[in-house]
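Have a look at model39.cif below; it lists mmCIF, C-alpha atoms.
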data_work
loop_
_atom_site.label_atom_id
_atom_site.label_comp_id
_atom_site.auth_asym_id
_atom_site.auth_seq_id
_atom_site.Cartn_x
_atom_site.Cartn_y
_atom_site.Cartn_z
CA MET A 1 0.00 0.00 0.00
CA ASN A 2 1.25 3.49 -0.79
CA ALA A 3 2.36 5.52 2.20
CA PRO A 4 -0.11 8.31 3.13
CA SER A 5 0.97 11.78 2.15
CA ARG A 6 1.85 14.24 4.91
CA LEU A 7 -1.22 16.10 6.12
CA PRO A 8 -1.46 19.90 6.25
CA ALA A 9 -0.88 21.62 9.58
CA GLY A 10 -3.95 21.71 11.81
CA ILE A 11 -5.44 18.44 10.52
CA ALA A 12 -4.95 15.63 13.00
CA THR A 13 -6.10 12.64 10.96
CA ALA A 14 -6.94 11.89 7.36
CA THR A 15 -10.37 10.86 6.15
CA PRO A 16 -10.45 7.06 5.86
CA THR A 17 -10.84 5.43 2.47
CA PRO A 18 -14.56 4.67 1.87
CA SER A 19 -15.48 1.04 2.46
CA GLY A 20 -15.56 -0.99 -0.76
CA ALA A 21 -13.93 1.74 -2.83
CA SER A 22 -10.62 -0.12 -2.96
CA GLN A 23 -9.28 -3.64 -2.61
CA ARG A 24 -5.84 -5.13 -2.04
CA TYR A 25 -4.00 -6.75 -4.96
CA HIS A 26 -0.61 -8.35 -5.45
CA TYR A 27 1.95 -7.23 -7.99
CA GLN A 28 5.52 -8.16 -8.82
CA PRO A 29 8.21 -5.61 -9.74
CA ILE A 30 9.38 -6.30 -13.27
CA ASP A 31 12.97 -6.91 -12.23
CA GLU A 32 12.34 -8.70 -8.90
CA ALA A 33 10.90 -12.03 -7.80
CA GLU A 34 9.29 -10.79 -4.57
CA ARG A 35 5.57 -10.13 -4.61
CA CYS A 36 4.17 -6.91 -3.15
CA VAL A 37 0.70 -5.70 -2.18
CA VAL A 38 -1.09 -2.52 -3.14
CA ASP A 39 -4.58 -1.06 -2.76
CA LEU A 40 -6.26 -0.28 -6.09
CA ALA A 41 -9.36 1.84 -6.61
CA GLU A 42 -12.39 -0.25 -7.57
CA GLU A 43 -15.08 0.56 -10.11
CA CYS A 44 -18.49 -0.85 -10.91
CA ALA A 45 -21.23 -0.44 -13.48
CA LEU A 46 -24.22 1.43 -12.02
CA ALA A 47 -27.47 1.27 -13.99
CA ILE A 48 -29.90 4.09 -13.17
CA ALA A 49 -33.64 3.86 -13.80
CA TYR A 50 -36.21 6.57 -13.12
CA ASN A 51 -39.73 5.34 -12.33
CA GLY A 52 -38.81 2.04 -13.98
CA LEU A 53 -37.37 3.66 -17.13
CA ASN A 54 -33.72 2.83 -17.79
CA GLN A 55 -31.75 6.04 -18.27
CA ALA A 56 -28.00 5.42 -18.06
CA VAL A 57 -25.23 3.02 -17.10
CA MET A 58 -22.21 4.68 -15.53
CA MET A 59 -18.81 3.32 -14.55
CA ILE A 60 -18.32 4.64 -11.06
CA SER A 61 -16.41 4.19 -7.81
CA PRO A 62 -18.65 2.11 -5.48
CA ALA A 63 -18.88 4.67 -2.67
CA ASP A 64 -21.34 7.50 -1.92
CA LEU A 65 -23.76 6.08 -4.50
CA GLU A 66 -26.81 7.90 -3.15
CA ASP A 67 -24.90 11.20 -3.32
CA PHE A 68 -24.10 10.37 -6.93
CA VAL A 69 -27.70 9.56 -7.88
CA VAL A 70 -28.97 12.83 -6.38
CA GLY A 71 -26.17 14.89 -7.92
CA PHE A 72 -26.43 13.16 -11.31
CA SER A 73 -30.16 13.87 -11.37
CA LEU A 74 -29.73 17.54 -10.43
CA ALA A 75 -26.62 18.26 -12.52
CA ASN A 76 -28.19 16.83 -15.67
CA GLY A 77 -31.47 18.68 -15.21
CA PHE A 78 -33.54 15.51 -14.72
CA VAL A 79 -35.01 17.03 -11.55
CA GLU A 80 -35.19 20.65 -10.47
CA SER A 81 -34.89 20.05 -6.74
CA PRO A 82 -33.98 17.25 -4.31
CA ASN A 83 -37.65 17.35 -3.33
CA ASP A 84 -38.46 15.87 -6.77
CA ILE A 85 -36.62 12.69 -5.73
CA TYR A 86 -38.99 10.61 -3.62
CA ASP A 87 -36.92 7.48 -3.06
CA ILE A 88 -33.70 5.71 -4.09
CA HIS A 89 -33.27 1.93 -3.92
CA LEU A 90 -29.78 0.50 -4.50
CA HIS A 91 -29.41 -3.12 -5.57
CA GLY A 92 -26.56 -5.47 -6.40
CA GLN A 93 -22.98 -5.79 -5.31
CA GLY A 94 -19.50 -6.16 -6.73
CA SER A 95 -19.09 -4.95 -10.30
CA ALA A 96 -22.82 -4.69 -11.12
CA ARG A 97 -25.13 -2.29 -9.27
CA ARG A 98 -28.53 -0.77 -9.98
CA ALA A 99 -30.30 2.35 -8.69
CA GLU A 100 -34.09 2.50 -8.86
CA VAL A 101 -35.09 6.15 -8.48
CA GLU A 102 -38.63 7.35 -7.85
CA ILE A 103 -39.18 10.92 -9.01
CA SER A 104 -42.13 13.30 -9.28
CA SER A 105 -44.57 13.00 -12.17
CA ARG A 106 -43.52 16.42 -13.45
CA SER A 107 -39.84 15.45 -13.52
CA PHE A 108 -40.60 12.10 -15.13
CA TRP A 109 -42.63 13.76 -17.87
CA GLN A 110 -39.76 16.15 -18.60
CA LEU A 111 -37.27 13.27 -18.61
CA LYS A 112 -39.34 11.33 -21.15
CA ARG A 113 -39.61 14.46 -23.27
CA GLN A 114 -35.81 14.82 -23.32
CA ARG A 115 -35.41 11.16 -24.28
CA ARG A 116 -37.78 11.55 -27.24
CA GLN A 117 -35.61 14.40 -28.51
CA LEU A 118 -32.51 12.19 -28.67
CA PRO A 119 -32.50 10.17 -31.93
CA GLY A 120 -29.59 7.94 -30.91
CA ASN A 121 -26.00 7.71 -29.76
CA SER A 122 -22.77 7.70 -31.69
CA SER A 123 -19.26 6.83 -30.55
CA CYS A 124 -18.82 10.37 -29.24
CA GLY A 125 -22.04 10.11 -27.23
CA LEU A 126 -23.94 12.71 -29.26
CA CYS A 127 -25.97 12.46 -32.43
CA GLY A 128 -28.18 14.89 -34.32
CA VAL A 129 -29.29 18.48 -33.78
CA GLU A 130 -31.30 17.62 -30.67
CA ALA A 131 -28.26 16.00 -29.06
CA LEU A 132 -26.17 19.09 -29.74
CA GLU A 133 -28.83 21.15 -28.01
CA GLN A 134 -28.46 18.83 -25.04
CA ALA A 135 -24.67 19.35 -25.07
CA LEU A 136 -25.03 23.15 -25.33
CA PRO A 137 -28.13 23.80 -23.19
CA GLN A 138 -29.84 27.13 -22.72
CA LEU A 139 -28.90 27.93 -19.12
CA PRO A 140 -29.73 31.22 -17.37
CA ILE A 141 -27.10 33.87 -16.75
CA MET A 142 -25.88 33.67 -13.17
CA PRO A 143 -26.02 36.66 -10.81
CA LEU A 144 -22.71 38.48 -10.56
CA ALA A 145 -20.67 37.23 -7.60
CA ALA A 146 -17.44 38.53 -6.12
CA LEU A 147 -14.29 36.48 -6.51
CA PRO A 148 -12.99 34.73 -3.39
CA PRO A 149 -10.21 36.43 -1.40
CA ALA A 150 -6.77 35.30 -2.52
CA HIS A 151 -5.91 33.84 0.89
CA TRP A 152 -8.74 31.29 0.53
CA LEU A 153 -6.68 29.66 -2.22
CA HIS A 154 -3.34 29.76 -0.38
CA ASP A 155 -1.87 26.25 0.00
CA LEU A 156 -5.15 24.84 -1.35
CA ARG A 157 -3.47 21.91 -3.09
CA GLU A 158 -1.97 20.81 0.21
CA ARG A 159 -5.12 21.38 2.25
CA ILE A 160 -7.41 19.33 0.03
CA SER A 161 -5.22 16.23 0.37
CA ALA A 162 -7.04 15.39 3.61
CA TYR A 163 -10.25 15.06 1.58
CA GLN A 164 -8.72 12.64 -0.93
CA PRO A 165 -8.33 9.35 0.98
CA LEU A 166 -8.86 7.17 -2.09
CA GLY A 167 -6.45 9.21 -4.17
CA ARG A 168 -3.93 9.18 -1.33
CA ASP A 169 -4.01 5.43 -0.87
CA CYS A 170 -4.74 4.21 -4.40
CA GLY A 171 -4.47 6.98 -6.98
CA ALA A 172 -6.49 6.71 -10.21
CA VAL A 173 -9.33 8.97 -9.04
CA HIS A 174 -10.52 12.56 -9.33
CA ALA A 175 -11.83 14.72 -6.49
CA ALA A 176 -14.39 17.49 -6.16
CA LEU A 177 -14.73 19.66 -3.05
CA PHE A 178 -16.94 22.44 -1.73
CA MET A 179 -15.65 25.48 0.15
CA ASP A 180 -18.31 27.58 1.86
CA ASN A 181 -18.72 31.35 1.94
CA GLN A 182 -16.36 31.60 4.92
CA GLY A 183 -13.48 29.87 3.12
CA THR A 184 -13.90 26.54 4.95
CA ILE A 185 -13.75 23.26 3.03
CA ARG A 186 -16.95 21.45 3.98
CA LEU A 187 -17.18 18.42 1.71
CA GLY A 188 -15.09 16.27 -0.58
CA ARG A 189 -16.01 13.40 -2.89
CA GLU A 190 -13.87 11.15 -5.11
CA ASP A 191 -14.48 8.97 -8.13
CA ILE A 192 -12.75 7.34 -11.08
CA GLY A 193 -14.78 9.72 -13.27
CA ARG A 194 -14.32 13.48 -13.00
CA HIS A 195 -18.00 14.08 -13.81
CA ASN A 196 -19.00 11.49 -11.22
CA ALA A 197 -16.91 13.13 -8.49
CA LEU A 198 -18.64 16.45 -9.10
CA ASP A 199 -22.07 14.81 -9.25
CA LYS A 200 -21.37 13.13 -5.90
CA LEU A 201 -20.35 16.48 -4.41
CA ILE A 202 -23.50 18.22 -5.70
CA GLY A 203 -25.64 15.39 -4.37
CA ALA A 204 -23.96 15.48 -0.96
CA MET A 205 -24.49 19.24 -0.76
CA ALA A 206 -28.17 18.84 -1.58
CA ARG A 207 -28.65 16.04 0.92
CA ASP A 208 -26.83 17.98 3.67
CA GLY A 209 -28.66 21.21 2.88
CA LEU A 210 -25.45 23.17 2.29
CA GLU A 211 -25.97 26.67 0.88
CA ALA A 212 -24.15 27.16 -2.43
CA ALA A 213 -24.24 30.99 -2.36
CA GLY A 214 -20.77 32.51 -2.00
CA GLY A 215 -19.09 29.12 -2.13
CA LEU A 216 -16.54 27.45 -4.38
CA ALA A 217 -16.51 24.14 -6.21
CA ILE A 218 -12.96 22.78 -6.50
CA VAL A 219 -12.05 20.09 -9.03
CA THR A 220 -8.73 18.31 -9.41
CA SER A 221 -9.44 17.25 -12.99
CA ARG A 222 -9.39 18.78 -16.44
CA CYS A 223 -11.91 21.63 -16.52
CA SER A 224 -14.16 21.19 -19.55
CA LEU A 225 -17.57 22.57 -20.46
CA GLU A 226 -19.58 19.76 -18.83
CA LEU A 227 -18.14 20.58 -15.41
CA VAL A 228 -19.02 24.25 -15.89
CA HIS A 229 -22.61 23.25 -16.70
CA LYS A 230 -22.88 21.12 -13.55
CA VAL A 231 -21.54 23.86 -11.27
CA GLN A 232 -23.82 26.40 -12.94
CA ARG A 233 -26.91 24.22 -12.48
CA ALA A 234 -25.95 23.71 -8.83
CA GLY A 235 -25.87 27.48 -8.30
CA ILE A 236 -22.26 27.53 -7.09
CA PRO A 237 -20.85 30.93 -8.19
CA THR A 238 -17.15 29.98 -8.43
CA LEU A 239 -15.31 27.04 -9.96
CA VAL A 240 -11.65 26.47 -9.09
CA SER A 241 -9.72 23.94 -11.17
CA LEU A 242 -6.29 22.50 -10.49
CA SER A 243 -5.94 21.93 -14.24
CA SER A 244 -6.30 24.46 -17.05
CA PRO A 245 -9.80 25.08 -18.42
CA THR A 246 -10.61 24.59 -22.07
CA GLY A 247 -11.28 27.61 -24.23
CA LEU A 248 -14.95 26.73 -24.63
CA ALA A 249 -15.39 26.33 -20.88
CA THR A 250 -13.77 29.73 -20.37
CA ARG A 251 -15.97 31.48 -22.93
CA TRP A 252 -19.10 29.86 -21.48
CA ALA A 253 -18.15 30.94 -17.94
CA GLN A 254 -17.54 34.50 -19.10
CA ARG A 255 -20.91 34.67 -20.89
CA HIS A 256 -22.78 33.24 -17.91
CA ASN A 257 -21.06 35.13 -15.05
CA LEU A 258 -19.48 32.03 -13.51
CA ASN A 259 -16.22 32.83 -11.73
CA LEU A 260 -13.57 30.52 -13.21
CA ILE A 261 -10.13 30.24 -11.59
CA HIS A 262 -7.19 28.01 -12.47
CA LEU A 263 -4.77 27.13 -9.68
CA PRO A 264 -1.40 26.27 -11.32
CA HIS A 265 1.28 24.25 -9.55
CA ARG A 266 3.89 26.97 -9.18
CA SER A 267 2.32 30.32 -9.92
CA ARG A 268 -0.46 32.56 -8.67
CA PRO A 269 -4.14 31.73 -9.30
CA ARG A 270 -5.34 32.74 -12.77
CA VAL A 271 -8.78 34.32 -13.06
CA TYR A 272 -10.34 33.62 -16.46
CA SER A 273 -13.85 34.78 -15.65
CA PRO A 274 -14.78 37.51 -14.92
CA ALA A 275 -12.30 40.39 -14.97
CA ALA A 276 -9.95 40.39 -12.00
CA SER A 277 -11.26 43.82 -10.95
CA ALA A 278 -14.35 42.07 -9.54
CA ALA A 279 -12.28 40.51 -6.75
CA ARG A 280 -13.17 41.20 -3.16
CA ASP A 281 -11.21 43.76 -1.20
#
What's the structure tokens form of this structure?
Amino acid sequence: MNAPSRLPAGIATATPTPSGASQRYHYQPIDEAERCVVDLAEECALAIAYNGLNQAVMMISPADLEDFVVGFSLANGFVESPNDIYDIHLHGQGSARRAEVEISSRSFWQLKRQRRQLPGNSSCGLCGVEALEQALPQLPIMPLAALPPAHWLHDLRERISAYQPLGRDCGAVHAALFMDNQGTIRLGREDIGRHNALDKLIGAMARDGLEAAGGLAIVTSRCSLELVHKVQRAGIPTLVSLSSPTGLATRWAQRHNLNLIHLPHRSRPRVYSPAASAARD
């Protein structure tokens, strides 16, 4: 097993790796005869059905599955509020899982309407004019929000390590975190999929009743347009990425008043949206 990374000052213990999210395996160094052990991140196929209608099958880390279902439903616009989700039943084990989700009649009608607009899937996951409209949805402009104070981002890479137990012990996963309007990291979620990690975070926020206003979503992965959409739908005014954003993600954030900040390894945070003059005093 990999040795845990050193924790930031002021944090006594690290968050334990979620149960079932990793398992121990043996490996042999290529130039040695001795066998070694290591913990590897697990993944499973999760089929999601709404009111009995199959919607998607996702490859996902088998932890925080209810958070994922709630966040996936909200971030993709299948429901407007957590109150539209009446019940979640999880079935299966190992590499095959299933989530049966009961949603409101209004949400189910809208979901079926969206499905009728999609003529099919191609290797890229999108097909036809309707599918392009799904990829580039009409989302409302967000209210203008001040940028976070610079000291909130100081040593952020080191501080978030305590919220990455699976990444610390196994690697191979992405993380998404939420920092509240006082600059305190409140939640962290991990997954083999960068979209899944953010969906889990959004779901956990909804289930815990955390207020998004004035807060920051932090992602350790590549920052592409889909992540911007999810943060925008969740009402989180600022997205901080440890990796550079794409040009399209940047333009979308600028047009929709989403604060977008890149945190490079060895230089100061870079504000791509909006203008830096909007920063707090």
Quick one: everything within 9 Å of region 239-251 of chain A, counting only C-alpha atoms, minus sequence neighbours fewer than 4 positions away in the same chain. Send it as a count of residues only. 29
As lines of an AutoDock Vina configuration file: centre and edge lengths in Å, one decimal, of the axis-aligned box holding region 184-203 of chain A with 6 Å per side:
center_x = -19.2
center_y = 16.9
center_z = -4.4
size_x = 24.9
size_y = 31.2
size_z = 30.8
Step by step, work through what the PyMOL selection byres ((chain A and resi 41-52) around 8) selects in the shown file, and finish by giving those residues as a CSV table (one decimal) with C-alpha atoms, in the coordinates of the input.
chain,number,residue,atom,x,y,z
A,20,GLY,CA,-15.6,-1.0,-0.8
A,21,ALA,CA,-13.9,1.7,-2.8
A,22,SER,CA,-10.6,-0.1,-3.0
A,23,GLN,CA,-9.3,-3.6,-2.6
A,39,ASP,CA,-4.6,-1.1,-2.8
A,40,LEU,CA,-6.3,-0.3,-6.1
A,53,LEU,CA,-37.4,3.7,-17.1
A,54,ASN,CA,-33.7,2.8,-17.8
A,55,GLN,CA,-31.8,6.0,-18.3
A,56,ALA,CA,-28.0,5.4,-18.1
A,57,VAL,CA,-25.2,3.0,-17.1
A,58,MET,CA,-22.2,4.7,-15.5
A,59,MET,CA,-18.8,3.3,-14.6
A,60,ILE,CA,-18.3,4.6,-11.1
A,61,SER,CA,-16.4,4.2,-7.8
A,62,PRO,CA,-18.6,2.1,-5.5
A,69,VAL,CA,-27.7,9.6,-7.9
A,94,GLY,CA,-19.5,-6.2,-6.7
A,95,SER,CA,-19.1,-5.0,-10.3
A,96,ALA,CA,-22.8,-4.7,-11.1
A,97,ARG,CA,-25.1,-2.3,-9.3
A,98,ARG,CA,-28.5,-0.8,-10.0
A,99,ALA,CA,-30.3,2.4,-8.7
A,100,GLU,CA,-34.1,2.5,-8.9
A,101,VAL,CA,-35.1,6.2,-8.5
A,102,GLU,CA,-38.6,7.4,-7.8
A,103,ILE,CA,-39.2,10.9,-9.0
A,108,PHE,CA,-40.6,12.1,-15.1
A,166,LEU,CA,-8.9,7.2,-2.1
A,170,CYS,CA,-4.7,4.2,-4.4
A,171,GLY,CA,-4.5,7.0,-7.0
A,172,ALA,CA,-6.5,6.7,-10.2
A,173,VAL,CA,-9.3,9.0,-9.0
A,192,ILE,CA,-12.8,7.3,-11.1
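Polymer residues near (-28.3, 13.4, -8.3): counting all atoms listed in the file with a cut-off of 9 Å, they are Glu66, Asp67, Phe68, Val69, Val70, Gly71, Phe72, Ser73, Leu74, Ala75, Asn76, Phe78, Val79, Pro82, Ile85, Asp199, Lys200, Ile202, Gly203, Ala204 and Ala206 of chain A.
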Between A:Arg186, A:His26, A:Lys230, A:Arg268, which has the minimum distance to His151 (chain A) (counting all atoms listed in the file)? A:Arg268
Tell me which of A:Glu190, A:Asp87, A:Gly92, A:Arg106 sits closest to Tyr163 (chain A), counting all atoms listed in the file.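 Using all atoms listed in the file, the shortest distance to Tyr163 (chain A) belongs to A:Glu190.
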Counting only C-alpha atoms, the option among A:His91, A:Ala33, A:Gly209, A:Ile236 closest to Asn257 (chain A):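 Selected residue with least distance to Asn257 (chain A): A:Ile236.
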Using the chain letters and numbers from this file, what does the PyMOL selection byres ((chain A and resi 164) around 10) select? Give the answer as JSON, numbers by chain. {"A": [14, 15, 16, 17, 159, 160, 161, 162, 163, 165, 166, 167, 168, 169, 170, 171, 173, 174, 175, 176, 177, 188, 189, 190, 191]}
Computed interatomic separation between CA of Leu136 (chain A) and CA of Ala212 (chain A) (Å):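 The value is 23.3 Å.
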What does the structure give for the distance between CA of Gly183 (chain A) and CA of Leu147 (chain A), in Å to one decimal?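 One can read the CA of Gly183 (chain A) to CA of Leu147 (chain A) distance as 11.7 Å.
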Any idea what the distance is between CA of Leu156 (chain A) and CA of Ile185 (chain A)?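 Spanning CA of Leu156 (chain A) to CA of Ile185 (chain A) is a straight-line distance of 9.8 Å.
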Of the candidates A:Met205, A:Ile141, A:Ala135, A:Leu111, which one gets nearest to Ala234 (chain A) if we count all atoms listed in the file?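 For Ala234 (chain A), the nearest of the candidates is A:Met205.
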Taking into account all atoms listed in the file, which residue in the set A:Leu144, A:Ala63, A:Leu139, A:Ala213 is nearest to Gln182 (chain A)?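 Of A:Leu144, A:Ala63, A:Leu139, A:Ala213, the one nearest Gln182 (chain A), counting all atoms listed in the file, is A:Ala213.
Closest approach to Pro274 (chain A) among A:Gly77, A:Asp31, A:Pro143, A:Gly214 is made by A:Pro143 (distances from all atoms listed in the file).
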